[in-house]
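A.B. asks: Next up, model37.cif (mmCIF, C-alpha atoms).
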```cif
data_my_file
#
loop_
_atom_site.label_atom_id
_atom_site.label_comp_id
_atom_site.auth_asym_id
_atom_site.auth_seq_id
_atom_site.Cartn_x
_atom_site.Cartn_y
_atom_site.Cartn_z
CA MET H 750 30.69 36.58 -32.05
CA LYS H 751 31.92 39.55 -34.06
CA GLU H 752 35.42 39.15 -32.65
CA THR H 753 35.35 35.46 -33.64
CA LEU H 754 34.25 36.37 -37.16
CA PHE H 755 36.94 39.04 -37.38
CA LEU H 756 39.62 36.60 -36.18
CA PHE H 757 38.38 34.00 -38.66
CA LEU H 758 38.60 36.50 -41.54
CA LEU H 759 42.03 37.64 -40.35
CA ALA H 760 43.24 34.03 -40.24
CA MET H 761 41.85 33.53 -43.76
CA LEU H 762 43.71 36.60 -45.02
CA ILE H 763 46.97 35.51 -43.41
CA GLY H 764 46.50 32.03 -44.81
CA CYS H 765 45.95 33.50 -48.26
CA GLN H 766 49.18 35.45 -48.13
CA PRO H 767 51.78 33.11 -46.64
CA GLU H 768 55.33 34.28 -46.11
CA PRO H 769 58.56 32.27 -45.80
CA ASP H 770 59.37 30.42 -42.63
CA ALA H 771 61.63 32.60 -40.44
CA GLN H 772 64.01 29.75 -39.66
CA ARG H 773 64.78 29.35 -43.36
CA LEU H 774 64.66 33.05 -44.11
CA TYR H 775 67.22 34.06 -41.51
CA ASP H 776 69.58 31.09 -41.66
CA GLU H 777 72.15 32.90 -43.79
CA LEU H 778 73.09 36.53 -44.21
CA VAL H 779 72.77 38.44 -47.44
CA VAL H 780 76.29 39.16 -48.68
CA SER H 781 76.81 42.14 -50.97
CA THR H 782 80.19 43.34 -52.21
CA SER H 783 81.40 46.08 -54.50
CA TYR H 784 84.78 47.34 -55.57
CA ASP H 785 86.45 50.33 -57.18
CA LYS H 786 87.10 49.39 -60.78
CA SER H 787 90.07 51.71 -60.95
CA ALA H 788 91.86 49.98 -58.07
CA ASP H 789 94.84 47.75 -58.82
CA PHE H 790 94.53 45.15 -56.08
CA LYS H 791 97.82 43.49 -57.07
CA ALA H 792 99.60 46.68 -56.09
CA TYR H 793 98.68 46.13 -52.43
CA ALA H 794 100.72 43.75 -50.34
CA THR H 795 100.09 44.59 -46.69
CA TYR H 796 97.13 45.41 -44.51
CA ALA H 797 96.36 46.56 -40.97
CA LEU H 798 93.40 45.38 -38.95
CA PRO H 799 92.40 46.10 -35.35
CA THR H 800 92.83 43.13 -33.05
CA ASP H 801 89.92 43.46 -30.71
CA THR H 802 87.70 46.37 -31.69
CA ILE H 803 85.10 46.97 -34.36
CA GLY H 804 83.17 50.12 -35.03
CA PHE H 805 79.57 50.55 -33.98
CA VAL H 806 77.19 53.08 -35.49
CA SER H 807 73.76 53.12 -33.93
CA ASN H 808 70.77 55.40 -33.63
CA SER H 809 69.93 53.90 -30.25
CA SER H 810 73.26 53.70 -28.44
CA PRO H 811 75.99 56.23 -27.64
CA ASP H 812 78.65 53.50 -28.03
CA THR H 813 80.92 53.88 -31.04
CA ILE H 814 82.90 50.68 -30.72
CA LEU H 815 82.40 47.05 -29.75
CA VAL H 816 85.32 45.71 -27.73
CA ALA H 817 86.27 42.04 -27.48
CA SER H 818 86.65 42.25 -23.72
CA GLU H 819 82.98 43.17 -23.36
CA ASN H 820 81.40 41.47 -26.34
CA SER H 821 81.92 38.05 -27.92
CA PHE H 822 81.23 39.34 -31.43
CA PRO H 823 84.37 41.33 -32.46
CA ARG H 824 87.03 38.64 -32.02
CA PRO H 825 85.67 35.91 -34.34
CA VAL H 826 84.66 38.53 -36.89
CA LEU H 827 88.13 40.09 -36.99
CA ASP H 828 89.74 36.64 -37.04
CA ALA H 829 87.60 35.66 -40.02
CA VAL H 830 88.57 38.82 -41.91
CA ALA H 831 92.28 38.28 -41.14
CA ARG H 832 92.12 34.62 -42.15
CA ASN H 833 90.64 35.54 -45.53
CA MET H 834 93.08 38.39 -46.15
CA ASN H 835 96.00 36.11 -45.37
CA ALA H 836 94.59 33.40 -47.61
CA LEU H 837 94.46 35.91 -50.47
CA GLY H 838 98.17 36.58 -50.07
CA PHE H 839 98.17 39.81 -48.09
CA THR H 840 100.53 40.29 -45.17
CA ARG H 841 99.24 41.70 -41.91
CA VAL H 842 101.32 44.50 -40.41
CA ASP H 843 100.95 46.83 -37.48
CA ARG H 844 99.05 50.05 -38.20
CA ASN H 845 102.35 51.92 -37.78
CA GLY H 846 104.01 49.63 -40.31
CA SER H 847 102.85 51.63 -43.36
CA PRO H 848 100.15 49.20 -44.52
CA ASP H 849 98.92 49.43 -48.11
CA LEU H 850 95.36 48.71 -47.01
CA GLY H 851 93.46 49.58 -43.88
CA VAL H 852 90.62 47.24 -42.99
CA ASN H 853 87.59 48.79 -41.32
CA VAL H 854 84.99 46.58 -39.72
CA ALA H 855 81.83 48.09 -38.26
CA VAL H 856 78.27 47.26 -37.31
CA VAL H 857 75.61 49.74 -38.39
CA ASN H 858 72.50 49.41 -36.28
CA ASP H 859 69.09 50.90 -37.02
CA PHE H 860 66.60 50.68 -34.17
CA ASN H 861 63.12 52.06 -34.56
CA VAL H 862 60.02 52.00 -32.43
CA PHE H 863 56.55 52.89 -33.59
CA GLN H 864 53.60 53.39 -31.32
CA GLU H 865 50.00 53.92 -32.14
CA ILE H 866 47.16 54.72 -29.80
CA VAL H 867 44.03 52.75 -30.55
CA TYR H 868 40.65 54.00 -29.40
CA PRO H 869 38.28 51.02 -29.33
CA ASP H 870 34.99 51.29 -31.07
CA PRO H 871 32.47 50.87 -28.21
CA TYR H 872 30.16 48.95 -30.48
CA TYR H 873 32.75 46.25 -31.07
CA TYR H 874 34.61 46.41 -27.80
CA SER H 875 33.71 43.64 -25.38
CA GLY H 876 36.12 44.58 -22.59
CA GLY H 877 35.66 46.78 -19.51
CA PHE H 878 33.20 49.60 -19.46
CA TYR H 879 33.66 52.71 -17.32
CA PRO H 880 30.63 55.00 -17.05
CA GLY H 881 31.20 58.66 -16.36
CA TYR H 882 34.95 58.51 -16.82
CA TYR H 883 36.57 61.87 -15.99
CA GLY H 884 33.25 63.53 -15.74
CA TYR H 885 32.00 62.46 -19.14
CA GLY H 886 28.42 61.44 -18.93
CA SER H 887 28.65 58.65 -21.44
CA ALA H 888 30.44 55.32 -21.64
CA TYR H 889 34.16 55.50 -22.13
CA TYR H 890 36.62 52.87 -23.18
CA TYR H 891 40.29 53.12 -22.33
CA PRO H 892 42.52 53.43 -25.37
CA PHE H 893 45.42 51.05 -25.68
CA VAL H 894 48.83 51.41 -27.23
CA ASN H 895 50.27 49.12 -29.86
CA THR H 896 54.05 49.15 -29.97
CA TYR H 897 56.02 47.98 -32.94
CA ALA H 898 59.79 47.84 -33.04
CA TYR H 899 62.37 46.75 -35.52
CA ASN H 900 66.04 46.42 -34.97
CA THR H 901 68.25 45.81 -37.96
CA GLY H 902 71.93 45.92 -38.61
CA VAL H 903 74.64 45.14 -41.10
CA VAL H 904 78.30 44.35 -40.71
CA ILE H 905 80.41 46.45 -43.03
CA VAL H 906 83.92 45.46 -44.02
CA GLU H 907 85.94 48.01 -45.98
CA LEU H 908 89.36 47.96 -47.57
CA VAL H 909 90.82 51.45 -47.59
CA ASP H 910 93.66 52.39 -49.90
CA LEU H 911 96.34 53.89 -47.64
CA LYS H 912 99.00 53.64 -50.29
CA ASN H 913 97.64 56.24 -52.67
CA LYS H 914 96.50 59.18 -50.60
CA ASN H 915 95.68 62.31 -52.53
CA ALA H 916 97.20 65.73 -52.07
CA ASN H 917 94.79 66.47 -49.23
CA ASN H 918 95.83 63.26 -47.46
CA GLU H 919 92.44 61.72 -48.23
CA VAL H 920 91.99 58.01 -48.78
CA ARG H 921 89.45 56.04 -50.81
CA VAL H 922 87.56 52.85 -50.11
CA VAL H 923 88.40 50.26 -52.78
CA TRP H 924 86.28 47.33 -51.58
CA THR H 925 83.18 47.09 -49.41
CA ALA H 926 81.19 44.16 -48.09
CA TYR H 927 77.74 44.42 -46.50
CA LEU H 928 76.55 41.47 -44.45
CA GLY H 929 73.01 41.54 -43.10
CA ASP H 930 70.91 41.27 -41.19
CA VAL H 931 72.86 40.56 -38.00
CA TYR H 932 69.95 41.25 -35.66
CA SER H 933 67.69 38.50 -37.00
CA THR H 934 70.09 35.60 -37.22
CA ILE H 935 69.56 32.03 -36.11
CA ASP H 936 73.18 31.73 -34.88
CA LEU H 937 74.96 35.07 -35.07
CA ILE H 938 78.68 34.32 -34.98
CA PRO H 939 78.85 31.24 -37.27
CA GLN H 940 76.55 32.97 -39.76
CA THR H 941 78.69 36.11 -39.72
CA GLU H 942 81.89 34.10 -40.17
CA ALA H 943 80.32 32.23 -43.09
CA ALA H 944 79.19 35.53 -44.60
CA ILE H 945 82.70 37.00 -44.34
CA ASP H 946 84.10 33.92 -46.08
CA GLN H 947 81.49 34.33 -48.81
CA ALA H 948 82.29 38.04 -49.24
CA PHE H 949 85.91 37.23 -50.03
CA ARG H 950 84.97 34.17 -52.12
CA GLN H 951 82.79 36.29 -54.40
CA SER H 952 85.64 38.80 -54.82
CA PRO H 953 88.30 36.79 -56.68
CA TYR H 954 89.91 40.00 -58.01
CA LEU H 955 91.38 40.51 -54.52
CA GLN H 956 93.60 37.46 -54.93
CA GLN H 957 97.29 38.37 -54.97
CA GLY H 958 99.43 36.85 -57.71
CA LEU H 959 96.57 36.29 -60.15
CA MET X 823 22.71 52.92 -70.97
CA LYS X 824 19.17 51.84 -71.87
CA MET X 825 20.58 48.77 -73.56
CA LEU X 826 22.63 47.92 -70.48
CA THR X 827 19.56 48.29 -68.24
CA LEU X 828 17.57 46.10 -70.60
CA ILE X 829 20.25 43.39 -70.58
CA LEU X 830 20.46 43.56 -66.79
CA LEU X 831 16.68 43.33 -66.37
CA THR X 832 16.52 40.44 -68.81
CA PHE X 833 19.27 38.64 -66.91
CA LEU X 834 17.64 39.27 -63.53
CA SER X 835 14.19 38.21 -64.72
CA THR X 836 15.50 35.01 -66.27
CA SER X 837 17.50 34.36 -63.09
CA ALA X 838 14.37 34.81 -61.03
CA PHE X 839 12.81 32.00 -63.00
CA ALA X 840 15.98 29.97 -63.05
CA GLN X 841 15.61 26.26 -63.31
CA GLY X 842 18.45 25.59 -60.93
CA GLN X 843 21.52 26.84 -59.22
CA TYR X 844 24.64 25.62 -57.54
CA PHE X 845 27.29 26.79 -55.15
CA TYR X 846 30.79 25.34 -55.22
CA LEU X 847 33.94 25.39 -53.14
CA THR X 848 37.07 23.88 -54.64
CA LEU X 849 40.79 23.67 -54.20
CA ASP X 850 42.59 25.16 -57.15
CA PHE X 851 46.02 23.94 -58.23
CA ALA X 852 47.62 26.15 -60.86
CA LYS X 853 50.71 25.89 -63.02
CA PRO X 854 52.15 29.22 -64.19
CA LEU X 855 52.78 29.51 -67.91
CA ALA X 856 54.30 33.01 -68.02
CA ASN X 857 57.84 33.94 -67.03
CA THR X 858 58.38 30.46 -65.61
CA GLU X 859 62.02 31.27 -64.97
CA TRP X 860 60.86 33.40 -62.06
CA ILE X 861 58.14 31.06 -60.79
CA GLY X 862 57.38 27.86 -62.66
CA ASP X 863 56.30 25.55 -59.84
CA MET X 864 52.73 24.36 -59.51
CA ALA X 865 50.81 26.38 -56.92
CA THR X 866 49.24 24.02 -54.45
CA ARG X 867 47.72 26.79 -52.35
CA GLY X 868 44.58 28.08 -53.94
CA ALA X 869 40.83 27.93 -53.78
CA ARG X 870 37.77 28.96 -55.75
CA VAL X 871 34.27 29.65 -54.60
CA GLY X 872 31.34 30.47 -56.81
CA TYR X 873 27.63 30.68 -57.35
CA ARG X 874 25.94 29.91 -60.66
CA SER X 875 22.36 30.07 -61.67
CA PHE X 876 20.71 28.44 -64.69
CA ILE X 877 19.10 30.84 -67.13
CA ASN X 878 17.71 27.97 -69.15
CA ASP X 879 18.42 24.26 -69.61
CA LYS X 880 21.78 24.87 -71.18
CA ILE X 881 23.04 28.26 -70.09
CA SER X 882 24.12 29.24 -66.61
CA ALA X 883 25.83 32.34 -65.29
CA GLY X 884 27.35 33.38 -62.01
CA LEU X 885 30.14 34.86 -59.99
CA ASP X 886 33.46 33.24 -59.11
CA LEU X 887 36.03 34.34 -56.53
CA GLY X 888 39.50 32.83 -56.55
CA TRP X 889 42.75 32.89 -54.70
CA ASN X 890 46.14 31.38 -55.61
CA THR X 891 49.56 31.68 -54.07
CA TYR X 892 52.40 30.77 -56.37
CA ASP X 893 55.78 30.36 -54.75
CA GLN X 894 59.24 29.13 -55.53
CA TYR X 895 62.45 28.89 -53.57
CA ASN X 896 65.75 29.81 -55.20
CA PRO X 897 68.73 28.29 -53.40
CA THR X 898 71.66 30.51 -52.55
CA GLU X 899 73.35 31.97 -55.58
CA THR X 900 75.70 34.83 -56.41
CA ARG X 901 74.54 37.43 -58.90
CA GLU X 902 77.06 39.85 -60.37
CA THR X 903 76.23 43.20 -61.88
CA GLY X 904 79.09 45.43 -62.95
CA ASN X 905 81.34 45.90 -59.95
CA THR X 906 78.86 44.49 -57.42
CA ALA X 907 77.93 40.97 -56.38
CA ILE X 908 75.19 39.75 -54.07
CA THR X 909 74.80 36.30 -52.56
CA THR X 910 71.57 35.14 -51.00
CA ASP X 911 68.72 32.71 -51.32
CA TYR X 912 65.35 33.98 -52.47
CA PHE X 913 61.73 33.18 -51.64
CA LYS X 914 59.50 34.32 -54.47
CA TYR X 915 55.72 34.67 -54.34
CA ILE X 916 52.80 35.74 -56.47
CA TYR X 917 49.63 36.39 -54.47
CA SER X 918 46.66 36.37 -56.81
CA TYR X 919 43.03 37.26 -56.08
CA SER X 920 40.42 37.13 -58.80
CA ALA X 921 36.75 37.85 -59.34
CA THR X 922 34.91 36.96 -62.52
CA VAL X 923 31.45 36.95 -63.96
CA SER X 924 31.11 33.71 -65.85
CA GLY X 925 28.77 31.99 -68.24
CA GLN X 926 28.57 28.27 -68.95
CA TYR X 927 27.14 26.06 -71.64
CA ASN X 928 25.88 22.94 -69.91
CA PHE X 929 25.80 19.81 -71.99
CA GLU X 930 22.49 18.07 -72.10
CA VAL X 931 22.02 15.22 -69.70
CA GLY X 932 19.05 13.04 -68.88
CA GLU X 933 16.53 13.79 -66.18
CA GLY X 934 17.99 12.99 -62.81
CA ASP X 935 21.39 12.27 -64.27
CA ARG X 936 24.28 12.51 -61.84
CA PHE X 937 26.83 13.95 -64.29
CA HIS X 938 26.69 17.56 -65.50
CA PRO X 939 29.53 18.53 -67.82
CA TYR X 940 29.96 22.13 -68.89
CA ALA X 941 32.23 24.55 -70.71
CA GLY X 942 32.36 28.23 -69.99
CA LEU X 943 34.13 31.54 -69.94
CA GLY X 944 34.79 33.89 -67.06
CA LEU X 945 35.69 37.54 -67.45
CA GLY X 946 36.74 39.80 -64.62
CA ALA X 947 39.57 41.34 -62.68
CA VAL X 948 42.58 40.02 -60.86
CA ASN X 949 44.82 41.64 -58.30
CA GLN X 950 48.35 40.28 -58.11
CA GLN X 951 51.24 41.02 -55.82
CA HIS X 952 54.67 39.84 -56.87
CA ALA X 953 56.99 39.61 -53.89
CA ILE X 954 60.51 38.48 -53.16
CA TYR X 955 61.92 37.83 -49.69
CA TYR X 956 65.58 37.46 -48.77
CA ASN X 957 66.63 37.55 -45.15
CA ILE X 958 64.83 40.51 -43.56
CA TYR X 959 64.56 42.30 -46.88
CA HIS X 960 61.73 42.14 -49.33
CA ASP X 961 60.51 43.83 -52.44
CA SER X 962 57.10 43.67 -54.07
CA GLU X 963 54.90 45.10 -56.77
CA ARG X 964 51.10 45.05 -56.97
CA SER X 965 48.96 45.32 -60.07
CA TRP X 966 45.41 45.01 -61.34
CA GLY X 967 44.59 43.27 -64.58
CA PHE X 968 41.76 42.09 -66.79
CA LEU X 969 41.20 38.34 -66.54
CA ALA X 970 39.83 35.95 -69.17
CA ARG X 971 39.28 32.39 -68.03
CA PRO X 972 37.97 29.65 -70.34
CA GLU X 973 36.97 26.64 -68.30
CA ALA X 974 35.63 23.11 -68.70
CA GLY X 975 34.37 20.97 -65.87
CA ILE X 976 31.91 18.51 -64.53
CA LEU X 977 29.55 18.39 -61.57
CA VAL X 978 28.88 14.96 -60.15
CA ARG X 979 25.96 14.44 -57.80
CA LEU X 980 26.66 11.75 -55.28
CA SER X 981 23.11 10.48 -55.46
CA ARG X 982 20.61 10.66 -58.28
CA TYR X 983 18.47 13.47 -56.90
CA GLY X 984 20.74 14.63 -54.08
CA SER X 985 22.01 18.16 -53.80
CA PHE X 986 25.54 17.36 -52.66
CA GLY X 987 28.21 16.52 -55.15
CA LEU X 988 31.77 16.84 -56.35
CA MET X 989 33.17 19.24 -58.89
CA GLY X 990 36.22 18.98 -61.11
CA ALA X 991 37.35 21.54 -63.64
CA ILE X 992 40.28 22.64 -65.73
CA HIS X 993 40.79 26.29 -66.62
CA TYR X 994 43.22 28.52 -68.42
CA ASP X 995 43.77 31.99 -66.96
CA TYR X 996 45.10 34.89 -68.95
CA SER X 997 45.42 38.24 -67.27
CA THR X 998 46.92 41.56 -68.28
CA ASN X 999 48.77 42.09 -64.99
CA LYS X 1000 52.13 43.70 -65.54
CA SER X 1001 55.09 43.70 -63.19
CA PRO X 1002 58.06 45.43 -64.81
CA LYS X 1003 60.13 44.94 -61.68
CA PHE X 1004 59.77 41.17 -61.95
CA ASN X 1005 59.70 41.02 -65.74
CA TYR X 1006 56.01 40.19 -66.28
CA GLY X 1007 54.22 41.69 -69.28
CA SER X 1008 51.12 39.56 -68.58
CA PHE X 1009 50.27 36.44 -66.63
CA SER X 1010 48.84 33.07 -67.56
CA ALA X 1011 48.32 29.78 -65.80
CA LEU X 1012 46.67 26.42 -66.20
CA GLY X 1013 44.51 25.44 -63.23
CA PHE X 1014 42.89 22.30 -61.94
CA GLN X 1015 39.96 22.44 -59.54
CA LEU X 1016 38.59 19.74 -57.29
CA GLY X 1017 36.01 20.28 -54.60
CA ILE X 1018 32.44 20.10 -53.49
CA VAL X 1019 29.24 21.46 -54.93
CA PHE X 1020 25.71 22.01 -53.64
CA ILE X 1021 23.30 21.67 -56.52
CA GLU X 1022 19.65 22.56 -56.78
CA LEU X 1023 18.34 21.60 -60.20
#
```
Produce structure tokens that represent the structure in this file.
C.D. replies:
Amino acid sequence: MKETLFLFLLAMLIGCQPEPDAQRLYDELVVSTSYDKSADFKAYATYALPTDTIGFVSNSSPDTILVASENSFPRPVLDAVARNMNALGFTRVDRNGSPDLGVNVAVVNDFNVFQEIVYPDPYYYSGGFYPGYYGYGSAYYYPFVNTYAYNTGVVIVELVDLKNKNANNEVRVVWTAYLGDVYSTIDLIPQTEAAIDQAFRQSPYLQQGL
Amino acid sequence: MKMLTLILLTFLSTSAFAQGQYFYLTLDFAKPLANTEWIGDMATRGARVGYRSFINDKISAGLDLGWNTYDQYNPTETRETGNTAITTDYFKYIYSYSATVSGQYNFEVGEGDRFHPYAGLGLGAVNQQHAIYYNIYHDSERSWGFLARPEAGILVRLSRYGSFGLMGAIHYDYSTNKSPKFNYGSFSALGFQLGIVFIEL
């Protein structure tokens, strides 16, 4: 009876605080871009981009790259970036061909697990009952473990100025796009491609010849 | 303190000899009137429950508890700030929970009449949470505020001396809830109630 009342109150509380439907919430990625105001994007003409590999930074995996031969994600993502760069007027060259811009694409993954041990209140607990457990004279109720996990990740696309290295041979990032979350998508690859298109669309200053 | 005790005792003693009472449960539809650029849509999710006791023929007093969820969907748009731009759609919510002590002036009706119009004022507190969801991300801000709620309504008994009836009311809510993050200096809304009432007169 008490459990029923508790569940009823819980349902009331959830009903009082509705949240968006997940299908609608996750059907498109959030696209965020920023650029270096001091960069002269018209001064860049060429770019280099890996053909089959994207970076992978994760707190739950030792892998540092995602390779097209093992994963279906890198190829369409890299193709989408190249298609947009070409459409803006940039020319793709080999990484040894002195590109003006280097394009970095990476997935940053954050995986976390939380666990909590719950000791049932005997008064409310209606489950099993084990007298004299481990020598204790009184009733004992097994604790149970609640496990919560979240796994999130963003795709990062960076344009790196390779043309204007400083005296220490350091480079600077002149444009960055963050696309997320790629771990809660409805359809990962089409949504990521659409997000890449949007990232370039909302960055008209990249257009060559403007 | 003595004055407060005296008022409380007077209220309790008159309540003990109350000529009637009623309990109501209504749906509550509310239209925000503050910062309608953020949420301006009518809230169709809401309810009120309350108990009121008659102190004399014309005056009643009681307690009201209310809940409203205001929400609005913003289709995908690009917002630019300085050298950054963000594109997403937004789901915006205000979760509002209120509790008021209210008093009503009940307009005189004939013995056994089925219609009981009233006008009143509720004063109390409201807890609001402003929240915005976009993809897996969300941001929110919670606040407490003082609530003033003038209200006019009518109780309609379904039969001449029956205890079951319908209730309709219109109310204006003004609360001092602030949410700097979502650009609210206060909150106000116009609400419409429709529901059932159990009357003992």
A.B. asks: Could you list the residues chosen by the PyMOL selection byres ((chain H) within 9 of (chain X)) in this structure as a list of chain:residue names?
C.D. replies: H:Cys765, H:Gln766, H:Pro767, H:Glu768, H:Pro769, H:Ala771, H:Arg773, H:Leu774, H:Tyr775, H:Asp776, H:Glu777, H:Leu778, H:Val779, H:Val780, H:Ser781, H:Thr782, H:Ser783, H:Tyr784, H:Asp785, H:Lys786, H:Thr901, H:Gly929, H:Asp930, H:Ser933, H:Thr934, H:Gln947, H:Ala948, H:Gln951, H:Ser952
A.B. asks: Would you export the selected residues with C-alpha atoms as a PDB file, in the coordinates of the input, please?
C.D. replies:
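Output file part_34.pdb is given in full below:
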```pdb
ATOM      1  CA  CYS H 765      45.950  33.500 -48.260  1.00  0.00           C
ATOM      2  CA  GLN H 766      49.180  35.450 -48.130  1.00  0.00           C
ATOM      3  CA  PRO H 767      51.780  33.110 -46.640  1.00  0.00           C
ATOM      4  CA  GLU H 768      55.330  34.280 -46.110  1.00  0.00           C
ATOM      5  CA  PRO H 769      58.560  32.270 -45.800  1.00  0.00           C
ATOM      6  CA  ALA H 771      61.630  32.600 -40.440  1.00  0.00           C
ATOM      7  CA  ARG H 773      64.780  29.350 -43.360  1.00  0.00           C
ATOM      8  CA  LEU H 774      64.660  33.050 -44.110  1.00  0.00           C
ATOM      9  CA  TYR H 775      67.220  34.060 -41.510  1.00  0.00           C
ATOM     10  CA  ASP H 776      69.580  31.090 -41.660  1.00  0.00           C
ATOM     11  CA  GLU H 777      72.150  32.900 -43.790  1.00  0.00           C
ATOM     12  CA  LEU H 778      73.090  36.530 -44.210  1.00  0.00           C
ATOM     13  CA  VAL H 779      72.770  38.440 -47.440  1.00  0.00           C
ATOM     14  CA  VAL H 780      76.290  39.160 -48.680  1.00  0.00           C
ATOM     15  CA  SER H 781      76.810  42.140 -50.970  1.00  0.00           C
ATOM     16  CA  THR H 782      80.190  43.340 -52.210  1.00  0.00           C
ATOM     17  CA  SER H 783      81.400  46.080 -54.500  1.00  0.00           C
ATOM     18  CA  TYR H 784      84.780  47.340 -55.570  1.00  0.00           C
ATOM     19  CA  ASP H 785      86.450  50.330 -57.180  1.00  0.00           C
ATOM     20  CA  LYS H 786      87.100  49.390 -60.780  1.00  0.00           C
ATOM     21  CA  THR H 901      68.250  45.810 -37.960  1.00  0.00           C
ATOM     22  CA  GLY H 929      73.010  41.540 -43.100  1.00  0.00           C
ATOM     23  CA  ASP H 930      70.910  41.270 -41.190  1.00  0.00           C
ATOM     24  CA  SER H 933      67.690  38.500 -37.000  1.00  0.00           C
ATOM     25  CA  THR H 934      70.090  35.600 -37.220  1.00  0.00           C
ATOM     26  CA  GLN H 947      81.490  34.330 -48.810  1.00  0.00           C
ATOM     27  CA  ALA H 948      82.290  38.040 -49.240  1.00  0.00           C
ATOM     28  CA  GLN H 951      82.790  36.290 -54.400  1.00  0.00           C
ATOM     29  CA  SER H 952      85.640  38.800 -54.820  1.00  0.00           C
TER      30      SER H 952
END
```
A.B. asks: Report, in Å to a single decimal, how far apart atom CA of X:Ile976 and atom CA of X:Tyr846 are.
C.D. replies: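 Going from atom CA of X:Tyr846 over to atom CA of X:Ile976, I get 11.6 Å.
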A.B. asks: So how many Å separate atom CA of X:Asp850 and atom CA of X:Gln1015, to one decimal?
C.D. replies: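 Atom CA of X:Asp850 sits 4.5 Å away from atom CA of X:Gln1015.
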A.B. asks: In Å, how far is it from atom CA of X:Thr998 to atom CA of X:Ala856?
C.D. replies: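 The value is 11.3 Å.
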A.B. asks: Can you tell me, as a list in words, what residues are no more than 8 Å from X:Leu945 when counting all atoms listed in the file, ignoring any on the same chain fewer than 2 positions away?
C.D. replies: Thr922, Val923, Ser924, Leu943, Ala947, Phe968, Leu969, Ala970 and Arg971 of chain X
A.B. asks: For H:Gly804, work out the shell of residues within 6 Å, counting only C-alpha atoms and skipping chain neighbours fewer than 3 positions away, then give it as a PyMOL selection string.
C.D. replies: chain H and resi 813-814+855
A.B. asks: Looking at X:Tyr892, X:Trp966, X:Phe1014, X:Tyr983, which one is nearest to X:Ala921, with distances taken over all atoms listed in the file?
C.D. replies: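 The answer is X:Trp966, which sits nearest to X:Ala921.
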A.B. asks: Decode the PyMOL selection byres ((chain H and resi 936-941) around 8) for the given file into explicit residues and return them as a PyMOL selection string.
C.D. replies: chain H and resi 776-778+822+825-826+928+931-932+934-935+942-945
A.B. asks: On this file, the PyMOL selection byres ((chain H and resi 800) around 9) gives some set of residues; write that set as a ChimeraX atom specification.
C.D. replies: /H:798-799,801-803,817,823-824,827-828
A.B. asks: (92.0, 43.8, -57.0) in this file's frame - what residues fall within 12 Å of it? Use all atoms listed in the file and give the answer as a ChimeraX atom specification.
C.D. replies: /H:783-794,837-839,850,908,910,923-924,949,952-959 /X:905
A.B. asks: Find the residues near stretch 1004-1013 of chain X: any atom within 8 Å, counting all atoms listed in the file, skip ones fewer than 4 places away on the same chain, and give them as an MDAnalysis selection string.
C.D. replies: chainID X and resid 850:857 860 952 992:1000
A.B. asks: Using only C-alpha atoms and a cutoff of 6 Å, can you tell me which residues are near (35.9, 21.4, -54.3) in the file's coordinates, and write them out as a list of chain:residue names?
C.D. replies: X:Leu847, X:Thr848, X:Leu849, X:Met989, X:Leu1016, X:Gly1017, X:Ile1018
